[in-house]
>>> print(open('work-v3.txt').read())   # compact mmCIF, N, CA and C atoms
# COMPACT_ATOMS: atom_id res chain seq x y z
N MET A 1 -29.08 65.39 -13.09
CA MET A 1 -29.64 64.80 -14.30
C MET A 1 -30.15 65.89 -15.24
N THR A 2 -30.70 66.96 -14.69
CA THR A 2 -31.20 68.03 -15.55
C THR A 2 -30.06 68.69 -16.32
N GLU A 3 -28.88 68.73 -15.72
CA GLU A 3 -27.71 69.29 -16.41
C GLU A 3 -27.37 68.46 -17.65
N ILE A 4 -27.44 67.16 -17.50
CA ILE A 4 -27.18 66.25 -18.63
C ILE A 4 -28.23 66.46 -19.71
N MET A 5 -29.50 66.55 -19.30
CA MET A 5 -30.60 66.73 -20.26
C MET A 5 -30.49 68.06 -21.00
N GLU A 6 -30.13 69.11 -20.27
CA GLU A 6 -29.99 70.43 -20.91
C GLU A 6 -28.86 70.40 -21.94
N GLY A 7 -27.74 69.77 -21.57
CA GLY A 7 -26.62 69.63 -22.50
C GLY A 7 -27.01 68.82 -23.72
N LEU A 8 -27.76 67.76 -23.48
CA LEU A 8 -28.21 66.91 -24.59
C LEU A 8 -29.17 67.67 -25.50
N LYS A 9 -30.08 68.44 -24.91
CA LYS A 9 -31.02 69.24 -25.71
C LYS A 9 -30.26 70.17 -26.65
N ASP A 10 -29.23 70.82 -26.12
CA ASP A 10 -28.42 71.73 -26.93
C ASP A 10 -27.71 70.99 -28.05
N GLN A 11 -27.12 69.83 -27.72
CA GLN A 11 -26.42 69.04 -28.74
C GLN A 11 -27.37 68.57 -29.83
N LEU A 12 -28.53 68.09 -29.42
CA LEU A 12 -29.51 67.62 -30.40
C LEU A 12 -29.97 68.76 -31.30
N LYS A 13 -30.24 69.92 -30.69
CA LYS A 13 -30.70 71.08 -31.45
C LYS A 13 -29.66 71.51 -32.48
N GLU A 14 -28.37 71.50 -32.08
CA GLU A 14 -27.30 71.86 -33.00
C GLU A 14 -27.27 70.95 -34.21
N LYS A 15 -27.62 69.67 -34.00
CA LYS A 15 -27.58 68.68 -35.09
C LYS A 15 -28.92 68.55 -35.80
N GLY A 16 -29.91 69.35 -35.39
CA GLY A 16 -31.21 69.32 -36.05
C GLY A 16 -32.17 68.28 -35.50
N TYR A 17 -31.93 67.79 -34.28
CA TYR A 17 -32.81 66.80 -33.65
C TYR A 17 -33.54 67.43 -32.46
N LYS A 18 -34.53 66.70 -31.96
CA LYS A 18 -35.26 67.13 -30.76
C LYS A 18 -35.12 66.08 -29.68
N LEU A 19 -35.29 66.50 -28.43
CA LEU A 19 -35.29 65.56 -27.32
C LEU A 19 -36.72 65.04 -27.16
N THR A 20 -37.00 63.97 -27.87
CA THR A 20 -38.35 63.38 -27.86
C THR A 20 -38.56 62.64 -26.54
N PRO A 21 -39.81 62.34 -26.21
CA PRO A 21 -40.07 61.56 -24.99
C PRO A 21 -39.36 60.20 -25.00
N GLN A 22 -39.24 59.59 -26.19
CA GLN A 22 -38.57 58.30 -26.30
C GLN A 22 -37.06 58.43 -26.03
N ARG A 23 -36.46 59.48 -26.57
CA ARG A 23 -35.03 59.71 -26.32
C ARG A 23 -34.79 60.03 -24.85
N ARG A 24 -35.68 60.84 -24.28
CA ARG A 24 -35.55 61.19 -22.86
C ARG A 24 -35.68 59.93 -22.00
N ALA A 25 -36.66 59.08 -22.29
CA ALA A 25 -36.87 57.85 -21.51
C ALA A 25 -35.67 56.92 -21.63
N THR A 26 -35.09 56.83 -22.82
CA THR A 26 -33.91 55.98 -23.03
C THR A 26 -32.74 56.50 -22.22
N LEU A 27 -32.48 57.80 -22.29
CA LEU A 27 -31.37 58.37 -21.53
C LEU A 27 -31.62 58.28 -20.03
N ASP A 28 -32.85 58.54 -19.60
CA ASP A 28 -33.20 58.41 -18.18
C ASP A 28 -32.86 57.01 -17.68
N THR A 29 -33.17 56.01 -18.47
CA THR A 29 -32.92 54.62 -18.09
C THR A 29 -31.43 54.37 -17.92
N ILE A 30 -30.62 54.90 -18.82
CA ILE A 30 -29.17 54.72 -18.73
C ILE A 30 -28.64 55.43 -17.49
N ILE A 31 -29.13 56.64 -17.24
CA ILE A 31 -28.68 57.41 -16.07
C ILE A 31 -29.08 56.70 -14.78
N GLU A 32 -30.32 56.22 -14.72
CA GLU A 32 -30.83 55.54 -13.52
C GLU A 32 -30.09 54.23 -13.24
N ASN A 33 -29.49 53.65 -14.27
CA ASN A 33 -28.79 52.37 -14.13
C ASN A 33 -27.29 52.52 -14.38
N GLN A 34 -26.78 53.67 -14.05
CA GLN A 34 -25.37 53.97 -14.29
C GLN A 34 -24.48 52.90 -13.64
N GLY A 35 -23.49 52.42 -14.40
CA GLY A 35 -22.57 51.42 -13.90
C GLY A 35 -23.03 49.99 -14.13
N LYS A 36 -24.22 49.80 -14.70
CA LYS A 36 -24.74 48.44 -14.92
C LYS A 36 -24.43 47.89 -16.31
N HIS A 37 -23.94 48.70 -17.22
CA HIS A 37 -23.54 48.25 -18.56
C HIS A 37 -24.66 47.47 -19.24
N LEU A 38 -25.77 48.13 -19.45
CA LEU A 38 -26.96 47.48 -20.00
C LEU A 38 -26.84 47.24 -21.50
N SER A 39 -27.43 46.14 -21.96
CA SER A 39 -27.50 45.84 -23.39
C SER A 39 -28.69 46.60 -23.98
N THR A 40 -28.77 46.63 -25.30
CA THR A 40 -29.88 47.29 -25.97
C THR A 40 -31.21 46.68 -25.53
N GLU A 41 -31.27 45.37 -25.46
CA GLU A 41 -32.51 44.70 -25.09
C GLU A 41 -32.90 45.00 -23.64
N GLU A 42 -31.91 45.06 -22.75
CA GLU A 42 -32.20 45.40 -21.35
C GLU A 42 -32.73 46.83 -21.24
N ILE A 43 -32.11 47.75 -21.99
CA ILE A 43 -32.58 49.14 -21.99
C ILE A 43 -33.99 49.20 -22.55
N TYR A 44 -34.23 48.49 -23.64
CA TYR A 44 -35.56 48.45 -24.27
C TYR A 44 -36.62 47.97 -23.28
N ASP A 45 -36.33 46.87 -22.57
CA ASP A 45 -37.30 46.33 -21.61
C ASP A 45 -37.63 47.35 -20.53
N MET A 46 -36.63 48.10 -20.07
CA MET A 46 -36.86 49.10 -19.01
C MET A 46 -37.60 50.33 -19.56
N VAL A 47 -37.23 50.76 -20.76
CA VAL A 47 -37.88 51.94 -21.36
C VAL A 47 -39.34 51.61 -21.67
N LYS A 48 -39.61 50.38 -22.09
CA LYS A 48 -40.97 49.96 -22.45
C LYS A 48 -41.92 50.09 -21.25
N GLU A 49 -41.39 49.97 -20.05
CA GLU A 49 -42.23 50.14 -18.85
C GLU A 49 -42.72 51.59 -18.74
N LYS A 50 -41.88 52.54 -19.17
CA LYS A 50 -42.24 53.96 -19.11
C LYS A 50 -43.00 54.41 -20.36
N CYS A 51 -42.60 53.86 -21.51
CA CYS A 51 -43.19 54.21 -22.80
C CYS A 51 -43.62 52.93 -23.50
N PRO A 52 -44.80 52.40 -23.17
CA PRO A 52 -45.22 51.11 -23.73
C PRO A 52 -45.30 51.09 -25.26
N GLU A 53 -45.45 52.27 -25.88
CA GLU A 53 -45.59 52.33 -27.33
C GLU A 53 -44.25 52.29 -28.07
N ILE A 54 -43.13 52.36 -27.34
CA ILE A 54 -41.82 52.44 -28.00
C ILE A 54 -41.45 51.10 -28.63
N GLY A 55 -40.76 51.17 -29.76
CA GLY A 55 -40.30 49.96 -30.44
C GLY A 55 -38.81 49.76 -30.25
N LEU A 56 -38.38 48.53 -30.44
CA LEU A 56 -36.97 48.19 -30.28
C LEU A 56 -36.10 48.99 -31.26
N ALA A 57 -36.59 49.18 -32.48
CA ALA A 57 -35.83 49.94 -33.49
C ALA A 57 -35.60 51.38 -33.03
N THR A 58 -36.59 51.97 -32.36
CA THR A 58 -36.43 53.34 -31.85
C THR A 58 -35.33 53.39 -30.80
N VAL A 59 -35.30 52.40 -29.93
CA VAL A 59 -34.25 52.35 -28.90
C VAL A 59 -32.89 52.18 -29.56
N TYR A 60 -32.79 51.29 -30.54
CA TYR A 60 -31.52 51.12 -31.28
C TYR A 60 -31.07 52.45 -31.89
N ARG A 61 -31.96 53.13 -32.57
CA ARG A 61 -31.61 54.41 -33.21
C ARG A 61 -31.22 55.46 -32.18
N THR A 62 -31.93 55.50 -31.07
CA THR A 62 -31.63 56.46 -30.01
C THR A 62 -30.25 56.20 -29.42
N LEU A 63 -29.94 54.93 -29.16
CA LEU A 63 -28.63 54.59 -28.61
C LEU A 63 -27.52 54.95 -29.60
N GLN A 64 -27.76 54.71 -30.87
CA GLN A 64 -26.78 55.05 -31.90
C GLN A 64 -26.55 56.57 -31.92
N LEU A 65 -27.63 57.34 -31.86
CA LEU A 65 -27.53 58.79 -31.87
C LEU A 65 -26.80 59.30 -30.61
N LEU A 66 -27.16 58.77 -29.45
CA LEU A 66 -26.51 59.20 -28.20
C LEU A 66 -25.03 58.84 -28.19
N ASP A 67 -24.69 57.71 -28.81
CA ASP A 67 -23.28 57.32 -28.93
C ASP A 67 -22.54 58.27 -29.87
N GLU A 68 -23.16 58.60 -31.00
CA GLU A 68 -22.55 59.54 -31.96
C GLU A 68 -22.34 60.91 -31.33
N LEU A 69 -23.26 61.32 -30.46
CA LEU A 69 -23.16 62.62 -29.78
C LEU A 69 -22.22 62.56 -28.57
N ASP A 70 -21.66 61.37 -28.30
CA ASP A 70 -20.71 61.16 -27.20
C ASP A 70 -21.36 61.35 -25.83
N VAL A 71 -22.67 61.13 -25.76
CA VAL A 71 -23.38 61.21 -24.49
C VAL A 71 -23.24 59.88 -23.75
N ILE A 72 -23.24 58.79 -24.51
CA ILE A 72 -23.02 57.46 -23.96
C ILE A 72 -21.86 56.81 -24.71
N SER A 73 -21.34 55.75 -24.13
CA SER A 73 -20.29 54.97 -24.77
C SER A 73 -20.78 53.56 -25.02
N LYS A 74 -20.50 53.08 -26.21
CA LYS A 74 -20.83 51.70 -26.58
C LYS A 74 -19.63 50.83 -26.21
N ILE A 75 -19.90 49.75 -25.49
CA ILE A 75 -18.82 48.90 -24.99
C ILE A 75 -19.05 47.47 -25.44
N ASN A 76 -17.97 46.78 -25.77
CA ASN A 76 -18.04 45.38 -26.16
C ASN A 76 -17.26 44.58 -25.12
N PHE A 77 -17.96 43.71 -24.40
CA PHE A 77 -17.31 42.85 -23.40
C PHE A 77 -17.10 41.44 -23.95
N ASP A 78 -17.16 41.30 -25.27
CA ASP A 78 -16.96 40.00 -25.92
C ASP A 78 -17.98 38.96 -25.45
N ASP A 79 -19.20 39.42 -25.15
CA ASP A 79 -20.25 38.50 -24.72
C ASP A 79 -21.37 38.41 -25.74
N GLY A 80 -21.12 38.93 -26.94
CA GLY A 80 -22.08 38.80 -28.02
C GLY A 80 -23.07 39.95 -28.15
N CYS A 81 -22.99 40.95 -27.28
CA CYS A 81 -23.89 42.09 -27.42
C CYS A 81 -23.18 43.38 -27.03
N SER A 82 -23.66 44.46 -27.59
CA SER A 82 -23.11 45.77 -27.22
C SER A 82 -23.77 46.22 -25.94
N ARG A 83 -23.00 46.90 -25.13
CA ARG A 83 -23.50 47.43 -23.86
C ARG A 83 -23.23 48.92 -23.84
N TYR A 84 -23.94 49.62 -23.00
CA TYR A 84 -23.85 51.08 -22.98
C TYR A 84 -23.68 51.61 -21.57
N GLU A 85 -22.96 52.72 -21.48
CA GLU A 85 -22.83 53.43 -20.21
C GLU A 85 -22.77 54.92 -20.48
N LEU A 86 -23.14 55.69 -19.48
CA LEU A 86 -23.12 57.13 -19.58
C LEU A 86 -21.68 57.60 -19.70
N ASN A 87 -21.43 58.50 -20.62
CA ASN A 87 -20.09 59.05 -20.80
C ASN A 87 -19.98 60.27 -19.90
N THR A 88 -19.27 60.13 -18.79
CA THR A 88 -19.22 61.20 -17.79
C THR A 88 -18.15 62.24 -18.09
N HIS A 89 -17.25 61.98 -19.01
CA HIS A 89 -16.19 62.93 -19.40
C HIS A 89 -15.38 63.40 -18.19
N GLN A 90 -15.21 62.54 -17.20
CA GLN A 90 -14.44 62.94 -16.03
C GLN A 90 -12.95 63.06 -16.34
N ASP A 91 -12.50 62.36 -17.35
CA ASP A 91 -11.11 62.48 -17.77
C ASP A 91 -11.04 62.19 -19.26
N ASP A 92 -9.85 62.15 -19.79
CA ASP A 92 -9.69 61.96 -21.23
C ASP A 92 -9.85 60.50 -21.65
N HIS A 93 -9.82 59.60 -20.69
CA HIS A 93 -9.86 58.17 -21.01
C HIS A 93 -11.07 57.51 -20.38
N GLN A 94 -11.47 56.43 -21.00
CA GLN A 94 -12.52 55.61 -20.38
C GLN A 94 -11.89 54.83 -19.24
N HIS A 95 -12.72 54.44 -18.29
CA HIS A 95 -12.21 53.60 -17.22
C HIS A 95 -12.06 52.18 -17.75
N HIS A 96 -11.44 51.34 -16.96
CA HIS A 96 -11.18 49.96 -17.37
C HIS A 96 -12.21 49.04 -16.73
N HIS A 97 -12.29 47.82 -17.25
CA HIS A 97 -13.28 46.88 -16.77
C HIS A 97 -12.64 45.54 -16.44
N LEU A 98 -13.10 44.95 -15.35
CA LEU A 98 -12.75 43.59 -14.96
C LEU A 98 -13.98 42.74 -15.26
N ILE A 99 -13.81 41.70 -16.06
CA ILE A 99 -14.94 40.89 -16.51
C ILE A 99 -14.75 39.45 -16.03
N CYS A 100 -15.71 38.98 -15.23
CA CYS A 100 -15.63 37.61 -14.71
C CYS A 100 -16.02 36.62 -15.80
N LEU A 101 -15.15 35.66 -16.03
CA LEU A 101 -15.39 34.65 -17.06
C LEU A 101 -16.47 33.65 -16.67
N LYS A 102 -16.75 33.55 -15.38
CA LYS A 102 -17.75 32.57 -14.92
C LYS A 102 -19.15 33.17 -14.84
N CYS A 103 -19.32 34.27 -14.11
CA CYS A 103 -20.66 34.83 -13.90
C CYS A 103 -20.97 36.03 -14.78
N GLY A 104 -19.95 36.57 -15.46
CA GLY A 104 -20.17 37.71 -16.35
C GLY A 104 -20.21 39.06 -15.65
N ASN A 105 -20.00 39.07 -14.34
CA ASN A 105 -20.00 40.33 -13.59
C ASN A 105 -18.93 41.27 -14.15
N VAL A 106 -19.28 42.56 -14.23
CA VAL A 106 -18.35 43.57 -14.72
C VAL A 106 -18.07 44.56 -13.60
N ILE A 107 -16.80 44.74 -13.30
CA ILE A 107 -16.38 45.67 -12.26
C ILE A 107 -15.62 46.80 -12.93
N GLU A 108 -15.99 48.03 -12.59
CA GLU A 108 -15.31 49.19 -13.15
C GLU A 108 -14.06 49.52 -12.34
N VAL A 109 -12.98 49.79 -13.04
CA VAL A 109 -11.73 50.20 -12.40
C VAL A 109 -11.53 51.67 -12.73
N GLU A 110 -11.67 52.52 -11.73
CA GLU A 110 -11.60 53.96 -11.96
C GLU A 110 -10.16 54.47 -12.00
N VAL A 111 -9.22 53.73 -11.43
CA VAL A 111 -7.83 54.16 -11.39
C VAL A 111 -7.20 53.91 -12.76
N ASP A 112 -6.53 54.92 -13.30
CA ASP A 112 -5.86 54.77 -14.59
C ASP A 112 -4.36 54.63 -14.34
N LEU A 113 -3.88 53.41 -14.44
CA LEU A 113 -2.47 53.13 -14.20
C LEU A 113 -1.69 53.07 -15.52
N MET A 114 -2.29 53.54 -16.59
CA MET A 114 -1.68 53.41 -17.90
C MET A 114 -0.84 54.62 -18.31
N ASP A 115 -0.82 55.67 -17.50
CA ASP A 115 -0.11 56.89 -17.89
C ASP A 115 1.36 56.65 -18.22
N ALA A 116 2.06 55.90 -17.37
CA ALA A 116 3.48 55.64 -17.61
C ALA A 116 3.67 54.85 -18.90
N LEU A 117 2.81 53.85 -19.13
CA LEU A 117 2.90 53.05 -20.36
C LEU A 117 2.61 53.91 -21.58
N GLU A 118 1.59 54.76 -21.49
CA GLU A 118 1.28 55.66 -22.61
C GLU A 118 2.46 56.57 -22.93
N ASN A 119 3.05 57.15 -21.90
CA ASN A 119 4.20 58.04 -22.12
C ASN A 119 5.35 57.29 -22.80
N GLU A 120 5.59 56.08 -22.37
CA GLU A 120 6.66 55.26 -22.96
C GLU A 120 6.37 54.95 -24.43
N ILE A 121 5.14 54.59 -24.72
CA ILE A 121 4.74 54.28 -26.10
C ILE A 121 4.87 55.53 -26.98
N GLU A 122 4.37 56.65 -26.49
CA GLU A 122 4.45 57.89 -27.27
C GLU A 122 5.90 58.26 -27.58
N LYS A 123 6.74 58.10 -26.58
CA LYS A 123 8.16 58.45 -26.74
C LYS A 123 8.88 57.48 -27.69
N ASN A 124 8.71 56.18 -27.47
CA ASN A 124 9.44 55.17 -28.23
C ASN A 124 8.94 54.97 -29.65
N TYR A 125 7.68 55.26 -29.88
CA TYR A 125 7.09 54.99 -31.19
C TYR A 125 6.64 56.26 -31.93
N ASN A 126 6.91 57.42 -31.33
CA ASN A 126 6.50 58.69 -31.92
C ASN A 126 5.02 58.61 -32.33
N PHE A 127 4.21 58.24 -31.34
CA PHE A 127 2.78 57.97 -31.56
C PHE A 127 1.98 58.76 -30.54
N GLU A 128 1.02 59.54 -31.01
CA GLU A 128 0.19 60.32 -30.11
C GLU A 128 -1.06 59.53 -29.75
N ILE A 129 -1.15 59.11 -28.49
CA ILE A 129 -2.29 58.32 -28.01
C ILE A 129 -3.43 59.26 -27.65
N ARG A 130 -4.61 58.97 -28.14
CA ARG A 130 -5.81 59.77 -27.85
C ARG A 130 -6.69 59.08 -26.80
N ASP A 131 -6.67 57.77 -26.78
CA ASP A 131 -7.49 57.02 -25.84
C ASP A 131 -7.03 55.58 -25.82
N HIS A 132 -7.51 54.84 -24.86
CA HIS A 132 -7.26 53.40 -24.80
C HIS A 132 -8.43 52.73 -24.09
N LYS A 133 -8.58 51.45 -24.35
CA LYS A 133 -9.61 50.66 -23.69
C LYS A 133 -8.96 49.38 -23.19
N VAL A 134 -9.16 49.10 -21.93
CA VAL A 134 -8.54 47.92 -21.34
C VAL A 134 -9.62 47.08 -20.66
N LYS A 135 -9.60 45.79 -20.98
CA LYS A 135 -10.51 44.83 -20.35
C LYS A 135 -9.65 43.72 -19.77
N PHE A 136 -9.88 43.39 -18.52
CA PHE A 136 -9.20 42.28 -17.87
C PHE A 136 -10.22 41.17 -17.67
N PHE A 137 -9.89 39.97 -18.12
CA PHE A 137 -10.76 38.81 -17.97
C PHE A 137 -10.20 37.89 -16.91
N GLY A 138 -11.04 37.46 -16.01
CA GLY A 138 -10.60 36.58 -14.93
C GLY A 138 -11.80 36.15 -14.11
N TYR A 139 -11.57 35.93 -12.80
CA TYR A 139 -12.64 35.46 -11.92
C TYR A 139 -12.82 36.41 -10.75
N CYS A 140 -14.06 36.81 -10.52
CA CYS A 140 -14.36 37.72 -9.42
C CYS A 140 -14.23 36.99 -8.08
N SER A 141 -14.34 37.75 -7.01
CA SER A 141 -14.16 37.17 -5.67
C SER A 141 -15.19 36.07 -5.37
N LYS A 142 -16.39 36.17 -5.93
CA LYS A 142 -17.43 35.16 -5.69
C LYS A 142 -17.17 33.86 -6.45
N CYS A 143 -16.45 33.94 -7.58
CA CYS A 143 -16.29 32.78 -8.46
C CYS A 143 -14.92 32.11 -8.34
N LYS A 144 -14.02 32.69 -7.59
CA LYS A 144 -12.67 32.09 -7.48
C LYS A 144 -12.70 30.73 -6.83
>>> encode(input="work-v3.txt", output="structure tokens")
Amino acid sequence: MTEIMEGLKDQLKEKGYKLTPQRRATLDTIIENQGKHLSTEEIYDMVKEKCPEIGLATVYRTLQLLDELDVISKINFDDGCSRYELNTHQDDHQHHHLICLKCGNVIEVEVDLMDALENEIEKNYNFEIRDHKVKFFGYCSKCK
């Protein structure tokens, strides 16, 4: 976690920002809940426990800044709110998500089976793909 914070401090400094206690608490919350795809309000509720004086607007601005700096990724699961996850930069693409239509559970799919399709698209359409996002909607094992 300190490696992430040090990198973030450098990025913020380059852009003329500081790693304030509120920004640190917001990022800590995302790191501590990695894989949970928290909404802004969920992050706010958790950060408020650590920083009771923080306002919702501060959390919104912090999330926007962290997203712009590519520290986190903003995700839309078509459930009416934006969700966030730590951007681990493990590969060039984001992982995929399985979203249960009944309970709303989100399962991360780490395997990228899109390489062959991307190659075919690039070849047939003379199109350079930089990234893709895939969401599968269906029913999880508990809801089938």
>>> closest_residue(input="work-v3.txt", among="A:Ser73, A:Gln22, A:Thr40, A:Asn33", to="Ile54 of chain A", atoms="all atoms listed in the file")
A:Gln22
>>> residues_around(input="work-v3.txt", residues="Ile75 of chain A", least_positions_apart="6", cutoff="10 Å", atoms="only C-alpha atoms", output="PDB file with N, CA and C atoms, in the frame of the given file")
ATOM      1  N   HIS A  37     -23.940  48.700 -17.220  1.00  0.00           N
ATOM      2  CA  HIS A  37     -23.540  48.250 -18.560  1.00  0.00           C
ATOM      3  C   HIS A  37     -24.660  47.470 -19.240  1.00  0.00           C
ATOM      4  N   LEU A  38     -25.770  48.130 -19.450  1.00  0.00           N
ATOM      5  CA  LEU A  38     -26.960  47.480 -20.000  1.00  0.00           C
ATOM      6  C   LEU A  38     -26.840  47.240 -21.500  1.00  0.00           C
ATOM      7  N   SER A  39     -27.430  46.140 -21.960  1.00  0.00           N
ATOM      8  CA  SER A  39     -27.500  45.840 -23.390  1.00  0.00           C
ATOM      9  C   SER A  39     -28.690  46.600 -23.980  1.00  0.00           C
ATOM     10  N   CYS A  81     -22.990  40.950 -27.280  1.00  0.00           N
ATOM     11  CA  CYS A  81     -23.890  42.090 -27.420  1.00  0.00           C
ATOM     12  C   CYS A  81     -23.180  43.380 -27.030  1.00  0.00           C
ATOM     13  N   SER A  82     -23.660  44.460 -27.590  1.00  0.00           N
ATOM     14  CA  SER A  82     -23.110  45.770 -27.220  1.00  0.00           C
ATOM     15  C   SER A  82     -23.770  46.220 -25.940  1.00  0.00           C
ATOM     16  N   ARG A  83     -23.000  46.900 -25.130  1.00  0.00           N
ATOM     17  CA  ARG A  83     -23.500  47.430 -23.860  1.00  0.00           C
ATOM     18  C   ARG A  83     -23.230  48.920 -23.840  1.00  0.00           C
ATOM     19  N   TYR A  84     -23.940  49.620 -23.000  1.00  0.00           N
ATOM     20  CA  TYR A  84     -23.850  51.080 -22.980  1.00  0.00           C
ATOM     21  C   TYR A  84     -23.680  51.610 -21.570  1.00  0.00           C
ATOM     22  N   GLU A  85     -22.960  52.720 -21.480  1.00  0.00           N
ATOM     23  CA  GLU A  85     -22.830  53.430 -20.210  1.00  0.00           C
ATOM     24  C   GLU A  85     -22.770  54.920 -20.480  1.00  0.00           C
ATOM     25  N   LYS A 133      -8.580  51.450 -24.350  1.00  0.00           N
ATOM     26  CA  LYS A 133      -9.610  50.660 -23.690  1.00  0.00           C
ATOM     27  C   LYS A 133      -8.960  49.380 -23.190  1.00  0.00           C
TER      28      LYS A 133
END
>>> atom_distance(input="work-v3.txt", atom1="atom CA of Asp115 of chain A", atom2="atom CA of Ser141 of chain A")
27.1 Å
>>> residues_near_point(input="work-v3.txt", point="(-15.0, 47.0, -13.3)", cutoff="6.5 Å", atoms="all atoms listed in the file", output="number ranges by chain")
A: 96-99, 106-109
>>> atom_distance(input="work-v3.txt", atom1="atom N of Ala57 of chain A", atom2="atom N of Asp10 of chain A")
23.7 Å
>>> decode(input="work-v3.txt", residues="segment 20-88 of chain A", atoms="C-alpha atoms", output="PDB file, in the first residue's frame")
ATOM      1  CA  THR A  20      -4.344  15.462   1.961  1.00  0.00           C
ATOM      2  CA  PRO A  21      -5.665  13.340   4.846  1.00  0.00           C
ATOM      3  CA  GLN A  22      -9.047  13.221   3.064  1.00  0.00           C
ATOM      4  CA  ARG A  23      -7.510  11.959  -0.181  1.00  0.00           C
ATOM      5  CA  ARG A  24      -5.426   9.422   1.734  1.00  0.00           C
ATOM      6  CA  ALA A  25      -8.498   8.182   3.652  1.00  0.00           C
ATOM      7  CA  THR A  26     -10.488   7.868   0.411  1.00  0.00           C
ATOM      8  CA  LEU A  27      -7.749   5.896  -1.327  1.00  0.00           C
ATOM      9  CA  ASP A  28      -7.163   3.753   1.779  1.00  0.00           C
ATOM     10  CA  THR A  29     -10.852   2.838   1.733  1.00  0.00           C
ATOM     11  CA  ILE A  30     -10.701   1.777  -1.915  1.00  0.00           C
ATOM     12  CA  ILE A  31      -7.539  -0.262  -1.313  1.00  0.00           C
ATOM     13  CA  GLU A  32      -8.985  -1.926   1.812  1.00  0.00           C
ATOM     14  CA  ASN A  33     -12.121  -2.881  -0.146  1.00  0.00           C
ATOM     15  CA  GLN A  34     -10.430  -3.929  -3.361  1.00  0.00           C
ATOM     16  CA  GLY A  35     -12.732  -5.979  -5.590  1.00  0.00           C
ATOM     17  CA  LYS A  36     -15.940  -4.694  -3.955  1.00  0.00           C
ATOM     18  CA  HIS A  37     -16.762  -2.056  -6.624  1.00  0.00           C
ATOM     19  CA  LEU A  38     -17.945   0.556  -4.143  1.00  0.00           C
ATOM     20  CA  SER A  39     -20.218   3.468  -5.066  1.00  0.00           C
ATOM     21  CA  THR A  40     -19.396   7.050  -4.117  1.00  0.00           C
ATOM     22  CA  GLU A  41     -21.882   6.925  -1.262  1.00  0.00           C
ATOM     23  CA  GLU A  42     -20.475   3.637   0.064  1.00  0.00           C
ATOM     24  CA  ILE A  43     -16.951   5.078  -0.039  1.00  0.00           C
ATOM     25  CA  TYR A  44     -18.182   8.248   1.674  1.00  0.00           C
ATOM     26  CA  ASP A  45     -19.839   6.274   4.489  1.00  0.00           C
ATOM     27  CA  MET A  46     -16.614   4.324   5.116  1.00  0.00           C
ATOM     28  CA  VAL A  47     -14.320   7.369   4.884  1.00  0.00           C
ATOM     29  CA  LYS A  48     -16.601   9.301   7.268  1.00  0.00           C
ATOM     30  CA  GLU A  49     -15.804   6.725   9.963  1.00  0.00           C
ATOM     31  CA  LYS A  50     -12.099   7.678   9.690  1.00  0.00           C
ATOM     32  CA  CYS A  51     -12.598  11.390   8.924  1.00  0.00           C
ATOM     33  CA  PRO A  52     -15.907  12.507  10.477  1.00  0.00           C
ATOM     34  CA  GLU A  53     -15.412  16.056   9.179  1.00  0.00           C
ATOM     35  CA  ILE A  54     -15.261  15.019   5.499  1.00  0.00           C
ATOM     36  CA  GLY A  55     -18.087  16.036   3.177  1.00  0.00           C
ATOM     37  CA  LEU A  56     -19.646  14.106   0.323  1.00  0.00           C
ATOM     38  CA  ALA A  57     -18.482  16.765  -2.171  1.00  0.00           C
ATOM     39  CA  THR A  58     -14.866  16.227  -1.066  1.00  0.00           C
ATOM     40  CA  VAL A  59     -15.181  12.495  -1.690  1.00  0.00           C
ATOM     41  CA  TYR A  60     -16.720  13.159  -5.129  1.00  0.00           C
ATOM     42  CA  ARG A  61     -13.861  15.521  -6.043  1.00  0.00           C
ATOM     43  CA  THR A  62     -11.240  13.108  -4.710  1.00  0.00           C
ATOM     44  CA  LEU A  63     -12.681  10.207  -6.713  1.00  0.00           C
ATOM     45  CA  GLN A  64     -12.762  12.380  -9.834  1.00  0.00           C
ATOM     46  CA  LEU A  65      -9.121  13.384  -9.310  1.00  0.00           C
ATOM     47  CA  LEU A  66      -7.983   9.792  -8.640  1.00  0.00           C
ATOM     48  CA  ASP A  67      -9.823   8.666 -11.773  1.00  0.00           C
ATOM     49  CA  GLU A  68      -8.187  11.431 -13.855  1.00  0.00           C
ATOM     50  CA  LEU A  69      -4.781  10.369 -12.492  1.00  0.00           C
ATOM     51  CA  ASP A  70      -5.611   6.760 -13.496  1.00  0.00           C
ATOM     52  CA  VAL A  71      -5.173   5.546  -9.913  1.00  0.00           C
ATOM     53  CA  ILE A  72      -8.735   4.211  -9.845  1.00  0.00           C
ATOM     54  CA  SER A  73     -11.203   3.259 -12.546  1.00  0.00           C
ATOM     55  CA  LYS A  74     -14.780   4.463 -12.708  1.00  0.00           C
ATOM     56  CA  ILE A  75     -17.130   1.657 -13.698  1.00  0.00           C
ATOM     57  CA  ASN A  76     -20.770   1.677 -14.755  1.00  0.00           C
ATOM     58  CA  PHE A  77     -22.699  -1.540 -14.097  1.00  0.00           C
ATOM     59  CA  ASP A  78     -25.959  -0.025 -15.386  1.00  0.00           C
ATOM     60  CA  ASP A  79     -27.345   0.073 -11.841  1.00  0.00           C
ATOM     61  CA  GLY A  80     -27.764   3.831 -11.653  1.00  0.00           C
ATOM     62  CA  CYS A  81     -24.505   4.723  -9.910  1.00  0.00           C
ATOM     63  CA  SER A  82     -20.819   4.907 -10.680  1.00  0.00           C
ATOM     64  CA  ARG A  83     -18.572   2.433  -8.935  1.00  0.00           C
ATOM     65  CA  TYR A  84     -14.839   2.504  -8.400  1.00  0.00           C
ATOM     66  CA  GLU A  85     -11.967   0.070  -8.200  1.00  0.00           C
ATOM     67  CA  LEU A  86      -8.227   0.338  -7.829  1.00  0.00           C
ATOM     68  CA  ASN A  87      -6.442   0.454 -11.166  1.00  0.00           C
ATOM     69  CA  THR A  88      -3.727  -2.170 -10.728  1.00  0.00           C
TER      70      THR A  88
END
